[in-house]
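Engineer: I am sharing final17.txt, which consists of compact mmCIF, C-alpha atoms:
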# COMPACT_ATOMS: atom_id res chain seq x y z
CA MET A 96 13.38 11.39 14.65
CA GLN A 97 14.37 13.60 11.70
CA VAL A 98 17.84 14.10 13.22
CA THR A 99 18.26 10.35 13.65
CA ARG A 100 17.32 9.72 10.01
CA VAL A 101 19.74 12.37 8.75
CA GLY A 102 22.52 10.91 10.90
CA ARG A 103 21.80 7.41 9.64
CA ARG A 104 21.94 8.56 6.03
CA ALA A 105 25.15 10.50 6.65
CA ALA A 106 26.69 7.33 8.08
CA GLY A 107 25.50 5.45 5.00
CA VAL A 108 27.21 7.99 2.72
CA LEU A 109 30.50 7.70 4.65
CA LEU A 110 30.28 3.91 4.57
CA GLY A 111 29.67 4.14 0.82
CA CYS A 112 32.98 5.95 0.47
CA GLY A 113 34.68 3.05 2.25
CA THR A 114 33.00 0.41 0.11
CA ALA A 115 34.04 2.39 -2.98
CA GLY A 116 37.64 1.97 -1.83
CA ALA A 117 37.12 -1.77 -1.60
CA GLY A 118 35.54 -1.66 -5.05
CA LEU A 119 38.59 0.19 -6.39
CA LEU A 120 40.85 -2.62 -5.15
CA TRP A 121 38.57 -5.13 -6.86
CA LEU A 122 38.60 -3.08 -10.05
CA ILE A 123 42.40 -2.94 -10.09
CA ALA A 124 42.62 -6.69 -9.62
CA ALA A 125 39.79 -7.48 -12.06
CA GLY A 126 40.83 -4.99 -14.75
CA PRO A 127 43.16 -7.33 -16.68
CA VAL A 128 40.53 -10.09 -16.64
CA LEU A 129 37.75 -7.75 -17.79
CA LEU A 130 39.84 -6.19 -20.57
CA TRP A 131 41.27 -9.49 -21.88
CA PRO A 132 39.31 -10.58 -25.00
CA ARG A 133 38.92 -14.20 -23.89
CA PRO A 134 39.63 -14.58 -20.19
CA ALA A 135 39.82 -17.95 -18.54
CA ARG A 136 36.50 -19.23 -17.26
CA GLY A 137 37.76 -19.61 -13.71
CA ALA A 138 39.23 -16.09 -13.67
CA ARG A 139 36.00 -14.53 -14.90
CA ALA A 140 33.97 -16.54 -12.39
CA ALA A 141 36.21 -15.24 -9.57
CA VAL A 142 35.84 -11.66 -10.81
CA VAL A 143 32.05 -11.95 -11.03
CA SER A 144 31.91 -13.57 -7.59
CA GLY A 145 33.81 -10.65 -6.11
CA ALA A 146 31.54 -8.17 -7.87
CA ARG A 147 28.44 -9.92 -6.55
CA ALA A 148 29.85 -9.85 -3.02
CA LEU A 149 30.44 -6.10 -3.28
CA ALA A 150 27.00 -5.60 -4.82
CA ALA A 151 25.39 -7.54 -1.96
CA LEU A 152 27.23 -5.29 0.50
CA GLU A 153 25.99 -2.20 -1.31
CA ARG A 154 22.46 -3.56 -1.37
CA ARG A 155 22.61 -4.16 2.35
CA ARG A 156 23.98 -0.64 2.91
CA ARG A 157 21.14 0.92 0.95
CA THR A 158 18.56 -1.09 2.89
CA VAL A 159 19.96 -0.45 6.38
CA PHE A 160 20.94 3.21 6.11
CA PHE A 161 18.51 4.54 3.50
CA GLY A 162 15.50 2.25 3.90
CA ASP A 163 15.47 1.08 0.27
CA LEU A 164 13.44 -2.06 -0.41
CA PHE A 165 14.34 -4.29 -3.33
CA PRO A 166 12.78 -7.50 -4.68
CA PRO A 167 14.24 -10.61 -2.96
CA HIS A 168 15.39 -12.11 -6.27
CA SER A 169 16.07 -9.54 -8.96
CA GLY A 170 17.84 -11.96 -11.37
CA THR A 171 20.45 -9.32 -12.25
CA SER A 172 22.92 -10.46 -14.92
CA ASP A 173 26.67 -10.71 -14.32
CA ASP A 174 27.47 -7.87 -16.74
CA ARG A 175 24.97 -5.60 -15.02
CA ILE A 176 26.52 -6.34 -11.61
CA VAL A 177 30.03 -5.63 -12.91
CA ARG A 178 28.91 -2.32 -14.43
CA TYR A 179 27.20 -1.38 -11.19
CA VAL A 180 30.30 -2.01 -9.08
CA ALA A 181 32.45 0.01 -11.52
CA ALA A 182 29.96 2.90 -11.46
CA ARG A 183 29.79 2.73 -7.67
CA VAL A 184 33.58 3.04 -7.48
CA TYR A 185 33.38 6.25 -9.50
CA ALA A 186 30.46 7.70 -7.50
CA GLY A 187 31.83 6.68 -4.10
CA LEU A 188 35.36 7.96 -4.68
CA LEU A 189 34.07 11.23 -6.10
CA THR A 190 31.87 11.61 -3.02
CA ALA A 191 34.93 11.02 -0.82
CA VAL A 192 36.86 13.70 -2.74
CA VAL A 193 34.05 16.23 -2.32
CA LEU A 194 33.73 15.43 1.39
CA GLY A 195 37.48 15.83 1.74
CA LEU A 196 37.29 19.25 0.08
CA VAL A 197 34.45 20.23 2.41
CA ALA A 198 36.52 19.16 5.43
CA PHE A 199 39.54 21.09 4.07
CA GLY A 200 37.32 24.14 3.58
CA ALA A 201 36.10 23.83 7.16
CA VAL A 202 39.73 23.89 8.35
CA LEU A 203 40.45 26.97 6.24
CA ALA A 204 37.31 28.61 7.64
CA GLY A 205 38.63 27.97 11.14
CA VAL A 206 42.00 29.48 10.25
CA LEU A 207 40.23 32.49 8.75
CA ALA A 208 38.14 32.92 11.89
CA VAL A 209 41.28 32.88 14.05
CA ALA A 210 42.93 35.46 11.77
CA VAL A 211 39.88 37.72 12.01
CA VAL A 212 39.90 37.50 15.81
CA ARG A 213 43.58 38.46 15.91
CA GLY A 214 43.03 41.32 13.50
CA ARG A 215 45.30 40.05 10.74
CA ILE A 216 42.69 40.38 7.95
CA GLY A 217 40.98 43.55 6.88
CA GLY A 218 37.39 44.06 5.87
CA PRO A 219 37.74 43.91 2.05
CA GLU A 220 39.92 40.81 2.18
CA LEU A 221 37.52 39.11 4.61
CA LEU A 222 34.56 39.91 2.36
CA GLY A 223 36.32 38.34 -0.64
CA GLN A 224 37.22 35.21 1.32
CA VAL A 225 33.65 34.80 2.61
CA ALA A 226 32.20 35.21 -0.88
CA LEU A 227 34.63 32.69 -2.36
CA GLY A 228 34.00 30.23 0.45
CA GLY A 229 30.22 30.59 0.06
CA VAL A 230 30.39 29.85 -3.66
CA LEU A 231 32.62 26.81 -3.12
CA LEU A 232 30.36 25.54 -0.32
CA PHE A 233 27.31 25.90 -2.57
CA LEU A 234 29.01 23.95 -5.36
CA ALA A 235 30.11 21.25 -2.90
CA VAL A 236 26.58 20.86 -1.50
CA GLN A 237 25.07 20.63 -4.99
CA GLY A 238 27.69 18.08 -5.95
CA LEU A 239 26.94 15.96 -2.88
CA ARG A 240 23.21 16.09 -3.62
CA SER A 241 23.80 14.97 -7.21
CA LEU A 242 26.10 12.15 -6.11
CA TYR A 243 23.56 11.08 -3.47
CA ALA A 244 20.86 10.88 -6.16
CA LEU A 245 23.23 9.04 -8.50
CA ASP A 246 24.01 6.43 -5.84
CA ALA A 247 20.28 5.84 -5.23
CA ARG A 248 19.51 5.59 -8.96
CA LEU A 249 22.35 3.13 -9.58
CA ALA A 250 21.06 0.85 -6.81
CA ARG A 251 17.45 1.15 -7.96
CA ASP A 252 18.30 0.40 -11.60
CA THR A 253 20.46 -2.60 -10.63
CA PHE A 254 18.56 -4.28 -7.79
CA GLY A 255 15.06 -3.16 -8.57
CA PRO A 256 12.95 -3.69 -11.67
CA SER A 257 13.79 -1.59 -14.71
CA GLU A 258 11.54 1.19 -15.98
CA ARG A 259 10.18 -1.17 -18.64
CA GLU A 260 9.51 -3.88 -16.06
CA ARG A 261 7.83 -1.40 -13.71
CA LEU A 262 5.65 -0.11 -16.53
CA GLN A 263 4.68 -3.62 -17.58
CA ARG A 264 3.93 -4.55 -13.98
CA ARG A 265 1.73 -1.48 -13.60
CA ILE A 266 -0.10 -2.33 -16.82
CA ASP A 267 -0.69 -5.88 -15.55
CA GLU A 268 -1.97 -4.53 -12.22
CA LEU A 269 -4.39 -2.15 -13.94
CA ALA A 270 -5.62 -4.89 -16.26
CA ALA A 271 -6.14 -7.27 -13.33
CA GLY A 272 -7.87 -4.52 -11.35
CA ARG A 273 -10.22 -3.74 -14.21
CA ALA A 274 -11.09 -7.42 -14.63
CA ALA A 275 -11.67 -7.70 -10.87
CA ILE A 276 -13.98 -4.68 -10.92
CA VAL A 277 -16.01 -6.12 -13.79
CA HIS A 278 -16.25 -9.45 -11.96
CA ALA A 279 -17.24 -7.75 -8.71
CA VAL A 280 -19.95 -5.70 -10.44
CA ASP A 281 -21.36 -8.83 -12.11
CA ALA A 282 -21.33 -10.70 -8.81
CA GLU A 283 -23.07 -7.77 -7.11
CA ARG A 284 -25.75 -7.71 -9.78
CA ARG A 285 -26.33 -11.44 -9.41
CA ARG A 286 -26.57 -11.04 -5.64
CA ILE A 287 -29.11 -8.23 -5.96
CA GLU A 288 -31.16 -10.25 -8.44
CA ARG A 289 -31.07 -13.23 -6.08
CA ASP A 290 -32.14 -11.10 -3.12
CA LEU A 291 -35.02 -9.63 -5.10
CA HIS A 292 -36.11 -12.95 -6.59
CA ASP A 293 -35.77 -15.20 -3.56
CA GLY A 294 -36.74 -12.65 -0.94
CA LEU A 295 -38.86 -9.70 -1.96
CA GLN A 296 -40.59 -11.39 -4.87
CA GLN A 297 -41.71 -14.33 -2.71
CA ARG A 298 -42.97 -11.98 0.00
CA LEU A 299 -44.87 -9.88 -2.53
CA VAL A 300 -46.51 -13.02 -3.95
CA ALA A 301 -47.53 -14.04 -0.43
CA LEU A 302 -48.90 -10.54 0.21
CA ALA A 303 -50.94 -10.65 -3.00
CA MET A 304 -52.36 -14.05 -1.99
CA LEU A 305 -53.34 -12.70 1.43
CA LEU A 306 -55.14 -9.74 -0.14
CA GLY A 307 -56.89 -12.06 -2.61
CA ARG A 308 -58.08 -14.30 0.21
CA ALA A 309 -59.29 -11.23 2.14
CA ARG A 310 -61.46 -10.18 -0.79
CA ARG A 311 -63.22 -13.55 -0.81
CA ARG A 312 -63.80 -13.88 2.92
CA SER A 313 -66.36 -12.49 5.31
CA PRO A 314 -65.71 -9.11 6.96
CA GLU A 315 -64.50 -10.78 10.19
CA GLN A 316 -62.12 -13.10 8.37
CA ALA A 317 -61.02 -10.32 6.01
CA ALA A 318 -60.02 -8.13 8.97
CA ALA A 319 -57.68 -10.83 10.29
CA LEU A 320 -56.20 -11.41 6.84
CA LEU A 321 -55.72 -7.66 6.31
CA ALA A 322 -53.89 -7.40 9.65
CA GLN A 323 -51.63 -10.24 8.55
CA ALA A 324 -51.10 -8.51 5.21
CA HIS A 325 -50.22 -5.26 6.98
CA GLU A 326 -47.62 -7.05 9.08
CA GLU A 327 -46.20 -8.72 5.96
CA SER A 328 -45.92 -5.35 4.20
CA GLY A 329 -43.79 -4.12 7.11
CA HIS A 330 -41.44 -7.07 6.66
CA ILE A 331 -41.26 -6.33 2.93
CA LEU A 332 -40.32 -2.71 3.57
CA THR A 333 -37.62 -3.77 6.02
CA GLU A 334 -36.16 -6.25 3.56
CA LEU A 335 -36.35 -3.69 0.74
CA ARG A 336 -34.45 -1.24 2.92
CA GLU A 337 -31.81 -3.90 3.61
CA VAL A 338 -31.35 -4.55 -0.11
CA ALA A 339 -31.07 -0.82 -0.80
CA TRP A 340 -28.41 -0.41 1.92
CA ARG A 341 -26.42 -3.29 0.49
CA VAL A 342 -26.51 -1.67 -2.95
CA TYR A 343 -25.37 1.76 -1.73
CA PRO A 344 -25.82 3.28 1.74
CA SER A 345 -27.59 6.63 1.59
CA ALA A 346 -25.69 7.73 4.72
CA LEU A 347 -22.55 8.11 2.61
CA ASP A 348 -24.25 10.99 0.78
CA GLY A 349 -25.18 12.65 4.06
CA PRO A 350 -23.54 12.21 7.46
CA GLY A 351 -20.70 10.08 6.07
CA LEU A 352 -18.90 6.83 6.63
CA ARG A 353 -19.21 6.78 10.41
CA GLU A 354 -23.01 6.91 10.30
CA ALA A 355 -23.13 4.30 7.55
CA LEU A 356 -21.03 1.94 9.67
CA ALA A 357 -23.22 2.69 12.67
CA GLY A 358 -26.12 1.45 10.54
CA VAL A 359 -24.19 -1.75 9.82
CA ALA A 360 -23.68 -2.21 13.57
CA GLU A 361 -27.39 -1.70 14.27
CA ARG A 362 -28.44 -4.28 11.68
CA SER A 363 -25.76 -6.81 12.59
CA PRO A 364 -27.17 -9.93 14.29
CA VAL A 365 -23.84 -10.26 16.13
CA PRO A 366 -22.75 -7.64 18.70
CA LEU A 367 -20.39 -5.25 16.91
CA ARG A 368 -17.91 -2.87 18.53
CA LEU A 369 -16.86 0.01 16.25
CA THR A 370 -13.69 2.07 16.77
CA TYR A 371 -13.52 5.05 14.41
CA GLU A 372 -10.26 7.02 14.52
CA VAL A 373 -10.50 9.12 11.37
CA PRO A 374 -10.26 12.84 12.22
CA LYS A 375 -10.83 14.22 8.71
CA PRO A 376 -13.12 13.58 5.71
CA LEU A 377 -12.14 10.83 3.30
CA PRO A 378 -12.40 10.67 -0.49
CA ARG A 379 -15.73 9.25 -1.61
CA PRO A 380 -14.25 6.15 -3.35
CA VAL A 381 -12.33 5.31 -0.16
CA GLU A 382 -15.45 5.69 1.97
CA THR A 383 -17.44 3.46 -0.36
CA ALA A 384 -14.77 0.76 -0.45
CA ALA A 385 -14.36 0.86 3.34
CA TYR A 386 -18.11 0.52 3.82
CA PHE A 387 -18.38 -2.53 1.59
CA VAL A 388 -15.33 -4.13 3.22
CA VAL A 389 -16.91 -3.83 6.65
CA SER A 390 -20.39 -4.79 5.46
CA GLU A 391 -19.21 -7.93 3.63
CA ALA A 392 -16.91 -8.98 6.48
CA VAL A 393 -19.68 -8.57 9.07
CA THR A 394 -22.14 -10.51 6.89
CA ASN A 395 -19.65 -13.37 6.45
CA ALA A 396 -18.89 -13.49 10.17
CA ALA A 397 -22.59 -13.62 11.04
CA LYS A 398 -23.48 -16.27 8.42
CA HIS A 399 -20.50 -18.60 8.39
CA ALA A 400 -18.21 -18.05 11.40
CA ARG A 401 -20.74 -18.47 14.24
CA ALA A 402 -19.13 -15.45 15.90
CA THR A 403 -20.32 -13.98 19.19
CA GLU A 404 -18.50 -10.63 18.84
CA ILE A 405 -17.13 -8.55 15.97
CA GLN A 406 -14.58 -5.75 16.34
CA VAL A 407 -14.23 -3.11 13.62
CA ARG A 408 -11.49 -0.49 13.68
CA LEU A 409 -10.81 2.30 11.20
CA ALA A 410 -7.74 4.53 11.52
CA LEU A 411 -5.54 6.74 9.37
CA ALA A 412 -1.85 5.78 9.17
CA GLU A 413 0.73 7.30 6.83
CA GLY A 414 -1.77 8.65 4.35
CA ALA A 415 -3.86 5.48 4.14
CA LEU A 416 -7.05 4.26 5.76
CA GLU A 417 -6.63 0.97 7.60
CA VAL A 418 -9.83 -1.04 8.04
CA ALA A 419 -9.59 -4.06 10.36
CA VAL A 420 -12.50 -6.45 11.02
CA ARG A 421 -11.96 -9.22 13.58
CA ASP A 422 -14.44 -11.84 14.78
CA ASP A 423 -14.09 -14.53 17.44
CA GLY A 424 -15.82 -17.26 15.44
CA THR A 425 -14.50 -20.29 13.65
CA GLY A 426 -11.86 -19.58 11.02
CA GLY A 427 -11.03 -21.26 7.77
CA ALA A 428 -12.26 -18.44 5.52
CA ASP A 429 -11.34 -18.96 1.88
CA PRO A 430 -9.49 -15.88 0.57
CA GLN A 431 -10.39 -16.93 -2.98
CA GLY A 432 -14.10 -17.15 -2.27
CA SER A 433 -16.46 -15.12 -4.41
CA GLY A 434 -17.29 -12.55 -1.74
CA LEU A 435 -13.72 -11.97 -0.57
CA ALA A 436 -12.41 -12.01 -4.13
CA GLY A 437 -14.87 -9.26 -4.99
CA LEU A 438 -13.70 -7.22 -2.01
CA ARG A 439 -10.08 -7.71 -3.04
CA GLY A 440 -10.87 -6.42 -6.52
CA ARG A 441 -12.65 -3.39 -5.08
CA VAL A 442 -9.70 -2.61 -2.77
CA GLU A 443 -6.98 -3.21 -5.36
CA ALA A 444 -8.82 -0.94 -7.81
CA LEU A 445 -7.84 1.90 -5.44
CA ASP A 446 -4.21 0.66 -5.26
CA GLY A 447 -5.02 -0.79 -1.86
CA ARG A 448 -4.19 -4.10 -0.23
CA LEU A 449 -6.45 -6.70 1.39
CA THR A 450 -5.08 -9.35 3.75
CA ILE A 451 -7.01 -12.15 5.45
CA THR A 452 -5.83 -14.18 8.43
CA SER A 453 -8.16 -17.05 9.23
CA PRO A 454 -6.67 -20.16 10.87
CA PRO A 455 -8.99 -23.21 11.08
CA THR A 456 -9.68 -22.60 14.77
CA GLY A 457 -10.17 -18.85 14.40
CA PRO A 458 -10.27 -15.97 14.92
CA THR A 459 -10.58 -14.32 11.50
CA THR A 460 -9.01 -10.92 10.85
CA LEU A 461 -9.59 -9.02 7.64
CA THR A 462 -7.44 -5.93 7.05
CA ALA A 463 -7.77 -3.50 4.16
CA THR A 464 -5.34 -0.66 3.48
CA LEU A 465 -6.78 2.07 1.26
CA PRO A 466 -4.52 4.93 0.10
CA CYS A 467 -6.11 8.34 0.57
Just give me the structure as structure tokens.
Structural biologist:
Amino acid sequence: MQVTRVGRRAAGVLLGCGTAGAGLLWLIAAGPVLLWPRPARGARAAVVSGARALAALERRRRTVFFGDLFPPHSGTSDDRIVRYVAARVYAGLLTAVVLGLVAFGAVLAGVLAVAVVRGRIGGPELLGQVALGGVLLFLAVQGLRSLYALDARLARDTFGPSERERLQRRIDELAAGRAAIVHAVDAERRRIERDLHDGLQQRLVALAMLLGRARRRSPEQAAALLAQAHEESGHILTELREVAWRVYPSALDGPGLREALAGVAERSPVPLRLTYEVPKPLPRPVETAAYFVVSEAVTNAAKHARATEIQVRLALAEGALEVAVRDDGTGGADPQGSGLAGLRGRVEALDGRLTITSPPTGPTTLTATLPC
């Protein structure tokens, strides 16, 4: 695979030398128009059109042979495109010259090897030739590396966002992530308050009423009421444990994410099949985010999707944890809903990505990618 990538990039460099030749022909033809103080509008339009065609070819070359990804619509100005093509002519032709010198040096090395075999060159002369050739080869390799980096930087600065635009975009992403985190925390607090008020508080009031009735009844009636109160206290403990797990699973501080997700599977009212393909420990923020992604997705599938089976898969791929939750219920999940929006904020706070596929007829697939 590595050999294939190196070969593809070498082919891209050679093709870049050819496109630089085409750019040189364009530059020769466009030079009078570009240098004239006030060129005709049609002539300048033709020159810019040719430059954009060459730039599109270069963009395609960088994408195919080097794997560069650029925004679909960069909005690059005409002057910037013209400067790029001119700079590419310089870089590409200089690369061709260096490659030509390397090829010429390889021929001379072959001639030297033949002379050594035939005994025409002595030891001191051979040593001097090898030293000189090694120095020239080192300089040629360093020059090719610098030209390779220059070609990549020219394409990135022209077709991609500028450093200022990238910085501003990053600032906007961080600001949006911070706002999403604040919103998610507020929503989580409201959910906890609602669970305590509508669930535990009502059960505790009922338990207190049962104990009050038991105090005022006969011993036989009190025994029945106390048994009912004991059963109700068990339900309260179970619900309190559920609320505590939704706030933060204690298993993350002990056995880890796998055990925490196993707890989610045990408490899920819908059969859940868990596939865990993570061979090494994960950072704590990633574990926490993955847990809440799975927990929220399973809760939504059980409450709203009328699912009969849920599949959860966690796997490491290219330095990121991929969390996929799929249910066979009805679709139509709203990606902008409060619960999913909170999950998106939690994931994006870690520079991750959350995608939701939920056609009206189902199934629903939620996928989170969390960099590790």
Engineer: Write out as JSON, numbers by chain the residues lying within 8 Å of Leu445 in chain A, counting only C-alpha atoms and excluding same-chain residues fewer than 4 positions away.
Structural biologist: {"A": [380, 381, 441, 465, 466]}
Engineer: So, with only C-alpha atoms as the atoms that count, which of A:Ala317, A:Leu295, A:Ile451, A:Ala181 lies closest to Val388 in chain A?
Structural biologist: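 So, comparing all the options, the nearest one is A:Ile451.
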Engineer: Could you work out how far CA of Ser390 in chain A lies from CA of Gly351 in chain A, giving the answer in Å with one decimal?
Structural biologist: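 For CA of Gly351 in chain A relative to CA of Ser390 in chain A, the distance reads 14.9 Å.
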Engineer: Would you list the contacts of Gly414 in chain A as a PyMOL selection string, taking every protein, DNA or RNA residue within 12 Å and counting only C-alpha atoms, but skipping same-chain residues closer than 2 positions in sequence?
Structural biologist: chain A and resi 373+375+377-378+381+410-412+416-417+447+464-467
Engineer: Restricted to C-alpha atoms, what would the selected residues look like written as a PDB file, in the frame of the given file?
Structural biologist:
ATOM      1  CA  VAL A 373     -10.500   9.120  11.370  1.00  0.00           C
ATOM      2  CA  LYS A 375     -10.830  14.220   8.710  1.00  0.00           C
ATOM      3  CA  LEU A 377     -12.140  10.830   3.300  1.00  0.00           C
ATOM      4  CA  PRO A 378     -12.400  10.670  -0.490  1.00  0.00           C
ATOM      5  CA  VAL A 381     -12.330   5.310  -0.160  1.00  0.00           C
ATOM      6  CA  ALA A 410      -7.740   4.530  11.520  1.00  0.00           C
ATOM      7  CA  LEU A 411      -5.540   6.740   9.370  1.00  0.00           C
ATOM      8  CA  ALA A 412      -1.850   5.780   9.170  1.00  0.00           C
ATOM      9  CA  LEU A 416      -7.050   4.260   5.760  1.00  0.00           C
ATOM     10  CA  GLU A 417      -6.630   0.970   7.600  1.00  0.00           C
ATOM     11  CA  GLY A 447      -5.020  -0.790  -1.860  1.00  0.00           C
ATOM     12  CA  THR A 464      -5.340  -0.660   3.480  1.00  0.00           C
ATOM     13  CA  LEU A 465      -6.780   2.070   1.260  1.00  0.00           C
ATOM     14  CA  PRO A 466      -4.520   4.930   0.100  1.00  0.00           C
ATOM     15  CA  CYS A 467      -6.110   8.340   0.570  1.00  0.00           C
TER      16      CYS A 467
END
Engineer: Quick one, how far is CA of Ala235 in chain A from CA of Thr190 in chain A?
Structural biologist: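 Atom-to-atom, CA of Ala235 in chain A to CA of Thr190 in chain A, that is 9.8 Å.
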Engineer: Leaving out Val365 in chain A and any residue of its chain fewer than 3 positions from it, which residues lie within 9 Å of it when counting all atoms listed in the file, given as a ChimeraX atom specification?
Structural biologist: /A:360,362,393,396-397,401-405
Engineer: Which of these residues is nearest to Phe254 in chain A, using only C-alpha atoms: A:Arg136, A:Arg408, A:Arg421, A:Arg147?
Structural biologist: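 Going through A:Arg136, A:Arg408, A:Arg421, A:Arg147 one by one, the smallest distance to Phe254 in chain A is for A:Arg147.
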Engineer: My list of candidates is A:Pro256, A:Pro364, A:Gly437, A:Gly126. Which is closest to Leu164 in chain A when distances are computed with only C-alpha atoms?
Structural biologist: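 So, comparing all the options, the nearest one is A:Pro256.
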Engineer: Please provide the set of residues having any atom within 8 Å of Tyr179 in chain A, restricted to only C-alpha atoms, with same-chain residues fewer than 2 positions apart removed, written as a ChimeraX atom specification.
Structural biologist: /A:150,175-177,181-183,249-250,253
Engineer: Work out how far apart CA of Arg251 in chain A and CA of Gly111 in chain A are and give it in Å to one decimal.
Structural biologist: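 CA of Gly111 in chain A lies at a distance of 15.3 Å from CA of Arg251 in chain A.
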Engineer: Looking at all atoms listed in the file, which of A:Leu321, A:Ala428, A:Val280, A:Leu221 is the one that sits closest to Val209 in chain A?
Structural biologist: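 Checking each candidate against Val209 in chain A, we get A:Leu221 as the closest.
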Engineer: Which of these residues is nearest to Glu443 in chain A, using all atoms listed in the file: A:Gln237, A:Ile216, A:Leu409, A:Ala463?
Structural biologist: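 Closest candidate: A:Ala463.
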Engineer: Measuring atom to atom with only C-alpha atoms, identify which of A:Val197, A:Leu110, A:Val180, A:Val389 is nearest to Ala125 in chain A.
Structural biologist: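 Of A:Val197, A:Leu110, A:Val180, A:Val389, the one nearest Ala125 in chain A is A:Val180, counting only C-alpha atoms.
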Engineer: With only C-alpha atoms as the counted atoms, please give the residues lying no more than 6 Å from Pro458 in chain A, apart from itself and same-chain residues fewer than 3 positions off, as a ChimeraX atom specification.
Structural biologist: /A:422-424,426
Engineer: Find the axis-aligned box for range 188-206 of chain A, covering all its listed atoms and adding 3 Å on each side, and write its centre and edge lengths in Å to one decimal as JSON.
Structural biologist:
{"center_x": 36.9, "center_y": 18.7, "center_z": 2.5, "size_x": 16.1, "size_y": 27.5, "size_z": 23.2}
Engineer: Missing atoms in range 114-127 of chain A: can you complete it with N, CA, C and O atoms, as an mmCIF file, in the frame of the given file?
Structural biologist:
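Written out: part-v4.cif:
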data_model
loop_
_atom_site.group_PDB
_atom_site.id
_atom_site.type_symbol
_atom_site.label_atom_id
_atom_site.label_comp_id
_atom_site.auth_asym_id
_atom_site.auth_seq_id
_atom_site.Cartn_x
_atom_site.Cartn_y
_atom_site.Cartn_z
ATOM 1 N N THR A 114 33.229 1.544 1.014
ATOM 2 C CA THR A 114 33.000 0.410 0.110
ATOM 3 C C THR A 114 33.479 0.726 -1.307
ATOM 4 O O THR A 114 33.856 -0.177 -2.055
ATOM 5 N N ALA A 115 33.490 2.018 -1.674
ATOM 6 C CA ALA A 115 34.040 2.390 -2.980
ATOM 7 C C ALA A 115 35.541 2.123 -3.026
ATOM 8 O O ALA A 115 36.073 1.723 -4.072
ATOM 9 N N GLY A 116 36.217 2.313 -1.880
ATOM 10 C CA GLY A 116 37.640 1.970 -1.830
ATOM 11 C C GLY A 116 37.858 0.491 -2.027
ATOM 12 O O GLY A 116 38.769 0.072 -2.763
ATOM 13 N N ALA A 117 37.017 -0.327 -1.386
ATOM 14 C CA ALA A 117 37.120 -1.770 -1.600
ATOM 15 C C ALA A 117 36.819 -2.129 -3.050
ATOM 16 O O ALA A 117 37.460 -3.003 -3.651
ATOM 17 N N GLY A 118 35.844 -1.421 -3.644
ATOM 18 C CA GLY A 118 35.540 -1.660 -5.050
ATOM 19 C C GLY A 118 36.691 -1.268 -5.966
ATOM 20 O O GLY A 118 36.926 -1.909 -6.999
ATOM 21 N N LEU A 119 37.436 -0.217 -5.581
ATOM 22 C CA LEU A 119 38.590 0.190 -6.390
ATOM 23 C C LEU A 119 39.658 -0.907 -6.379
ATOM 24 O O LEU A 119 40.260 -1.209 -7.427
ATOM 25 N N LEU A 120 39.886 -1.509 -5.209
ATOM 26 C CA LEU A 120 40.850 -2.620 -5.150
ATOM 27 C C LEU A 120 40.382 -3.780 -6.022
ATOM 28 O O LEU A 120 41.190 -4.402 -6.729
ATOM 29 N N TRP A 121 39.091 -4.064 -5.990
ATOM 30 C CA TRP A 121 38.570 -5.130 -6.860
ATOM 31 C C TRP A 121 38.749 -4.779 -8.327
ATOM 32 O O TRP A 121 39.122 -5.617 -9.145
ATOM 33 N N LEU A 122 38.492 -3.497 -8.671
ATOM 34 C CA LEU A 122 38.600 -3.080 -10.050
ATOM 35 C C LEU A 122 40.038 -3.173 -10.562
ATOM 36 O O LEU A 122 40.280 -3.567 -11.710
ATOM 37 N N ILE A 123 40.989 -2.833 -9.693
ATOM 38 C CA ILE A 123 42.400 -2.940 -10.090
ATOM 39 C C ILE A 123 42.773 -4.391 -10.346
ATOM 40 O O ILE A 123 43.457 -4.721 -11.318
ATOM 41 N N ALA A 124 42.290 -5.279 -9.458
ATOM 42 C CA ALA A 124 42.620 -6.690 -9.620
ATOM 43 C C ALA A 124 41.856 -7.315 -10.784
ATOM 44 O O ALA A 124 42.373 -8.204 -11.481
ATOM 45 N N ALA A 125 40.628 -6.864 -11.024
ATOM 46 C CA ALA A 125 39.790 -7.480 -12.060
ATOM 47 C C ALA A 125 39.994 -6.854 -13.425
ATOM 48 O O ALA A 125 39.520 -7.405 -14.423
ATOM 49 N N GLY A 126 40.669 -5.682 -13.480
ATOM 50 C CA GLY A 126 40.830 -4.990 -14.750
ATOM 51 C C GLY A 126 41.438 -5.839 -15.849
ATOM 52 O O GLY A 126 40.865 -5.920 -16.957
ATOM 53 N N PRO A 127 42.582 -6.504 -15.609
ATOM 54 C CA PRO A 127 43.160 -7.330 -16.680
ATOM 55 C C PRO A 127 42.211 -8.426 -17.167
ATOM 56 O O PRO A 127 42.155 -8.733 -18.358
#
